[in-house]
Amino acid sequence: MDVKLPNPVRSAFEKTERDDTVIVNIGPSHPATHGTIQIIAELDGENVVRADVHCGYVHRGFEKECESHTWHNLIPYVDRLNYCSGLINDFAYCEAVEKLMGIELTPRCKVLRTLLSEYSRIADHLTCIAASLMELGAMTAFLYLIMIRDFIYEHLADLTGARVTYTYGRIGGLARDLPPGWLSRLEEILGGYEVFVGRVHGLMDRNRIFIDRTRDVGVISTADAINWGFTGPILRSTGAPRDLRKDTPYLAYAELDFEVPVGIKGDNYDRYYVRMREMDESVHMIRQLVDMLPEGPINVDDRRCTLPEKRLVYTEIESLINHFKLIMEGPQVPAGDAYVAHEAANGELGFYIVSTGTGTPYKVHVRAPSFVHMGGVHRLMEGYQLADIIPTFGSVNMIGGECDR
Amino acid sequence: MTPGVLDTLKERLAGEVADASVSHGMLVLVLAPADLLGIVQRLESEFRFDLFLDVTAVDWPGQTPRFEVVYHFYSTAHRIRVRLKTRVPEADPAVESLVPLYGSAHYMERECHDMYGIVFRGNPDLRPILLYEGFVGHPLRKDYPKRQEQPLVPYRS
Amino acid sequence: MRARTIPIPPAPSSALEYLTTKKDELVGWARKFSLFPYPFVTACCAMEFMAVSSTPYDTDRFGAALPRFSPRQSDLLMVVGTLTHKQAPILRKVYEQMCEPKWVMAFGACATSGGFYQNYAAVAGIDKIIPVDIYVPGCPPRPETVIDGIMKLQDMIARSRHPIFTEEF
């Protein structure tokens, strides 16, 4: 069929600066660019002279969609932002709304949210490392790490009902409490994690090929990184120990004992190693959190946002009307705006919400770390070779849902 | 957060902005568009707000000026955030670009322009970033219908 | 429904018809167990695609494990994730570059019908752009659902006719 297909983007450079360079299009349907990024690169042989990064191919209209749902109903949309670590998005969003409403979480909910955030962080880092190692050819490491990630997914499916996009956070608490036996299975998974990640360390850390491909590739300095907006493992790999969990503690992080791993050179190898160490720190934190998990209710006892118990909904008229109002109109959030940022797996994930006092938001804006990183990733690619784009891009961990929203 | 920084900021900048307040633990400065670049330069050089977090806009269709452009900054040294708000009218929705100060401003201003139509004077590249070439309109404005699609490829019958 | 093959008119002798049926079964068996997927990955369903390709859900058992990232070398286009209007020309181009025989799997709710993204940016189902052979629902679908979809597709391939000359060639 001869359908004229228009070009959805306009390149920043149409002509090459020099006579001996070519312009090559990489993506947007490309395995290494995680399927949604287009890089228009000017190449001198194999060296990348200039790179123009185009995102937006998974722009699904998150903000516009949020404006036509209630504060509760949009939690599934929030999940699908950074879909590798869905729970962190949920909790960051819920905390933004709770801040506007002036709600204080119960201690059990705080500890559980921290635990699940760290659990999600492990899943995200596993996915990132597995994907980038597979793109370099290390299929074995990919299979090991995805196996652990699968255990985590099944385990979270026991708790939330879904494997990937959980919709588990609620304003004022969580959807449901832990099922029996969940914590013992958690300990088993953490044990299995240690075995498998130990094997991946053995395969990759001192591997000559891996070191050659990732050491001194994609180097960025701390000042440059901060100027271009990099946060999270990328900033930490340059040597700056900046971590929101330590700098501006939220949830239960202030009571935990953990280290912030930093790199030395800011290259791809450091980013890989920072993520591996961060996973170990997360496991350490999860073990501490399991020990300090208090008993008590999960949801705050506030009828402005918490759905009443089903038994009461069916017997009392007040609970019925409360439930009805909460579902149909949404929790009434006082007018104002708030910005809450959590340390997501990629960096600072911020939610800026504006409310005009009704049950539907006026604006829900996400400060997505991947999007800001895409603005600076050309600094990591220019001056290196075409084949270096693969490990560099893998180490930046661009998640399409978060980048394009 | 370094204690006292919030109050120092509020004191030193209160004279130069239209309004300085603390909302949910964050300092919020409301200022005129013309003062924006000057205040941001002061924030960056004097108060070490080295991380430019975000720029976005809020559309208030009933009010004039219609758009409220909102900036967030973070200081890695003092561990504190600040929010800047400025209003621009619909007829001339333009503010100064922060590209000379922060590299991350390139993409974030492009996105704000794409979604709301805010023009950032001085940003060399305001091509569509999340939307595509040929998309007419700014979808996050309140008068753009949510379901109005502009397909690039004709649908199969 | 797209016309995939031209039905061969019934041959006069029953011996020839028996042979062509057997040929179709043989070709169908070979094609169904050697699917080369092109994972056109966009969004969250990619997580389940990665899970179904690796242990323990292994698509390698079905012969459908090796992805081919060139449309010229693949025969199963798996559209994994939401298709946006910006990405639609690319999908159309990739589909047109694939050679016959080719099949399309709509992986996930967003590829099937747009999912819950009913707005200016997302295409409400990839069958508005390209013809689809099998729809795998779920948000994201469990790996077992994907395997069920692949098996149904394999049944469809096994049962269909595989003429030597089609309308394109």
# chains A, B, ... in the order shown; residues from 1 in each chain; ligands from 1
$ residues_around --residues "Leu29 in chain B" --least-positions-apart "2" --cutoff "9 Å" --atoms "only C-alpha atoms" --output "JSON, numbers by chain"
{"B": [10, 13, 14, 17, 18, 19, 20, 21, 22, 27, 31, 82, 83, 84, 85, 86]}
$ closest_atom_pairs --of "chain C" --to "chain A" --cutoff "6 Å" --atoms "only C-alpha atoms" --output "Markdown table"
| residue | atom | partner | partner_atom | distance |
| --- | --- | --- | --- | --- |
| C:Val41 | CA | A:Gly35 | CA | 5.2 |
| C:Thr42 | CA | A:Gly35 | CA | 5.3 |
| C:Cys44 | CA | A:Tyr83 | CA | 5.6 |
| C:Lys86 | CA | A:Tyr57 | CA | 5.6 |
| C:Gln87 | CA | A:Tyr57 | CA | 5.4 |
| C:Pro89 | CA | A:Leu5 | CA | 5.6 |
| C:Ala121 | CA | A:Arg60 | CA | 5.3 |
| C:Ala122 | CA | A:Arg60 | CA | 5.6 |
$ write_last_selection --atoms "N, CA and C atoms" --output "compact mmCIF listing (two decimals), in the first residue's frame"
# COMPACT_ATOMS: atom_id res chain seq x y z
N VAL C 41 8.75 -2.76 20.68
CA VAL C 41 8.50 -2.50 22.08
C VAL C 41 8.36 -1.02 22.32
N THR C 42 7.32 -0.63 23.00
CA THR C 42 7.19 0.78 23.35
C THR C 42 7.10 0.98 24.86
N CYS C 44 5.13 -0.34 28.95
CA CYS C 44 5.22 -1.25 30.11
C CYS C 44 5.14 -2.74 29.78
N LYS C 86 2.67 9.64 17.27
CA LYS C 86 4.02 9.94 16.79
C LYS C 86 4.72 8.69 16.29
N GLN C 87 4.40 7.57 16.92
CA GLN C 87 5.07 6.32 16.57
C GLN C 87 4.38 5.61 15.41
N PRO C 89 3.66 6.26 12.16
CA PRO C 89 4.33 6.10 10.87
C PRO C 89 5.45 5.07 10.93
N ALA C 121 -3.10 11.67 22.26
CA ALA C 121 -1.77 11.19 21.93
C ALA C 121 -1.74 9.73 21.50
N ALA C 122 -2.62 8.90 22.00
CA ALA C 122 -2.52 7.47 21.77
C ALA C 122 -3.49 7.03 20.69
$ atom_distance --atom1 "CA of Asn123 in chain B" --atom2 "CA of Val364 in chain A"
25.2 Å
$ interface_residues --of "chain B" --to "chain C" --cutoff "10 Å" --atoms "only C-alpha atoms" --output "PyMOL selection string"
chain B and resi 130-133+135+139+144-157
$ select_by_dssp --residues "range 28-57 of chain C" --states "strand (DSSP E or B)" --output "list in words"
Pro37, Tyr38, Pro39, Phe40 and Val41 of chain C
$ select_by_dssp --residues "range 44-185 of chain A" --states "helix (DSSP H, G or I)" --output "MDAnalysis selection string"
chainID A and resid 62:66 75:79 83:101 107:136 139:160 182:185
$ write_last_selection --atoms "C-alpha atoms" --output "compact mmCIF listing (two decimals), in the first residue's frame"
# COMPACT_ATOMS: atom_id res chain seq x y z
CA PHE A 62 -0.62 11.47 31.26
CA GLU A 63 -1.21 15.02 32.47
CA LYS A 64 -4.25 15.62 30.31
CA GLU A 65 -5.66 12.24 31.26
CA CYS A 66 -5.23 13.00 34.96
CA ILE A 75 -3.35 6.05 40.44
CA PRO A 76 -3.19 3.44 37.62
CA TYR A 77 -1.85 6.16 35.32
CA VAL A 78 0.76 7.09 37.85
CA ASP A 79 1.87 3.45 38.05
CA TYR A 83 6.84 0.87 35.06
CA CYS A 84 9.94 -0.94 36.25
CA SER A 85 9.39 0.27 39.79
CA GLY A 86 5.68 0.97 39.88
CA LEU A 87 5.29 1.27 43.62
CA ILE A 88 7.64 4.23 44.00
CA ASN A 89 5.49 6.30 41.65
CA ASP A 90 2.36 5.37 43.60
CA PHE A 91 3.82 6.37 46.92
CA ALA A 92 5.36 9.62 45.70
CA TYR A 93 2.04 10.70 44.20
CA CYS A 94 0.04 9.67 47.26
CA GLU A 95 2.43 11.59 49.48
CA ALA A 96 1.94 14.73 47.39
CA VAL A 97 -1.83 14.50 47.82
CA GLU A 98 -1.47 13.65 51.50
CA LYS A 99 0.69 16.72 51.96
CA LEU A 100 -2.01 18.91 50.46
CA MET A 101 -4.65 17.27 52.60
CA PRO A 107 3.59 4.00 61.42
CA ARG A 108 2.90 0.62 59.83
CA CYS A 109 2.06 2.24 56.52
CA LYS A 110 5.22 4.33 56.62
CA VAL A 111 7.46 1.31 57.19
CA LEU A 112 5.62 -0.77 54.60
CA ARG A 113 5.83 1.96 52.00
CA THR A 114 9.56 2.27 52.62
CA LEU A 115 9.99 -1.49 52.36
CA LEU A 116 8.05 -1.69 49.12
CA SER A 117 9.88 1.31 47.67
CA GLU A 118 13.18 -0.44 48.26
CA TYR A 119 11.76 -3.67 46.85
CA SER A 120 10.69 -1.81 43.72
CA ARG A 121 14.08 -0.21 43.49
CA ILE A 122 15.67 -3.66 43.44
CA ALA A 123 13.33 -4.72 40.63
CA ASP A 124 14.16 -1.60 38.64
CA HIS A 125 17.91 -1.95 39.01
CA LEU A 126 17.67 -5.64 38.12
CA THR A 127 15.83 -4.74 34.93
CA CYS A 128 18.28 -1.98 34.03
CA ILE A 129 21.37 -4.07 34.61
CA ALA A 130 19.88 -7.14 32.94
CA ALA A 131 18.89 -5.20 29.85
CA SER A 132 22.18 -3.39 29.49
CA LEU A 133 24.19 -6.57 30.03
CA MET A 134 22.09 -8.39 27.46
CA GLU A 135 22.71 -5.63 24.96
CA LEU A 136 26.42 -6.14 25.50
CA MET A 139 22.82 -13.34 28.02
CA THR A 140 23.54 -15.47 31.08
CA ALA A 141 23.56 -12.50 33.41
CA PHE A 142 20.29 -11.34 31.87
CA LEU A 143 18.65 -14.70 32.58
CA TYR A 144 19.88 -14.81 36.17
CA LEU A 145 18.68 -11.31 36.97
CA ILE A 146 15.33 -11.70 35.23
CA MET A 147 14.78 -14.89 37.23
CA ILE A 148 15.10 -12.96 40.48
CA ARG A 149 12.95 -10.21 39.10
CA ASP A 150 10.33 -12.78 38.25
CA PHE A 151 10.34 -14.03 41.85
CA ILE A 152 9.82 -10.44 42.96
CA TYR A 153 6.98 -9.97 40.50
CA GLU A 154 5.18 -13.11 41.66
CA HIS A 155 5.70 -12.09 45.25
CA LEU A 156 4.25 -8.64 44.65
CA ALA A 157 1.39 -10.23 42.74
CA ASP A 158 0.58 -12.11 45.95
CA LEU A 159 0.37 -8.78 47.73
CA THR A 160 -1.14 -6.43 45.21
CA TRP A 182 4.56 -12.82 52.80
CA LEU A 183 7.49 -11.86 54.98
CA SER A 184 8.96 -15.36 55.09
CA ARG A 185 8.84 -15.60 51.31
$ residues_around --residues "Arg61 in chain C" --least-positions-apart "4" --cutoff "12 Å" --atoms "only C-alpha atoms" --output "JSON, numbers by chain"
{"C": [32, 33, 34, 35, 52, 53, 54, 55, 56, 57, 65, 66, 147, 150, 151]}
$ write_last_selection --atoms "C-alpha atoms" --output "CSV table (one decimal), in the first residue's frame"
chain,number,residue,atom,x,y,z
C,32,LYS,CA,4.6,-22.2,13.3
C,33,PHE,CA,7.6,-23.6,15.2
C,34,SER,CA,10.0,-21.1,13.7
C,35,LEU,CA,8.5,-17.8,14.5
C,52,VAL,CA,8.1,-14.3,28.8
C,53,SER,CA,11.3,-14.5,26.8
C,54,SER,CA,13.4,-15.7,29.6
C,55,THR,CA,13.1,-18.5,32.3
C,56,PRO,CA,10.7,-19.8,33.5
C,57,TYR,CA,8.1,-18.9,30.9
C,65,ALA,CA,12.5,-16.9,21.2
C,66,LEU,CA,15.0,-15.4,18.9
C,147,ILE,CA,2.0,-18.0,25.7
C,150,ILE,CA,1.4,-17.6,20.8
C,151,MET,CA,-0.1,-21.1,20.9
$ atom_distance --atom1 "CA of Ile209 in chain A" --atom2 "CA of Leu190 in chain A"
29.1 Å
$ interface_residues --of "chain B" --to "chain A" --cutoff "8 Å" --atoms "only C-alpha atoms" --output "number ranges by chain"
B: 1, 23-24, 50-54, 56, 58, 76, 79, 102-108, 127-134, 139-140, 146, 152-153
$ atom_distance --atom1 "CA of Pro179 in chain A" --atom2 "CA of Arg287 in chain A"
17.9 Å
$ residues_around --residues "Trp103 in chain C" --least-positions-apart "4" --cutoff "9 Å" --atoms "only C-alpha atoms" --output "PyMOL selection string"
chain C and resi 75-78+131-134+153
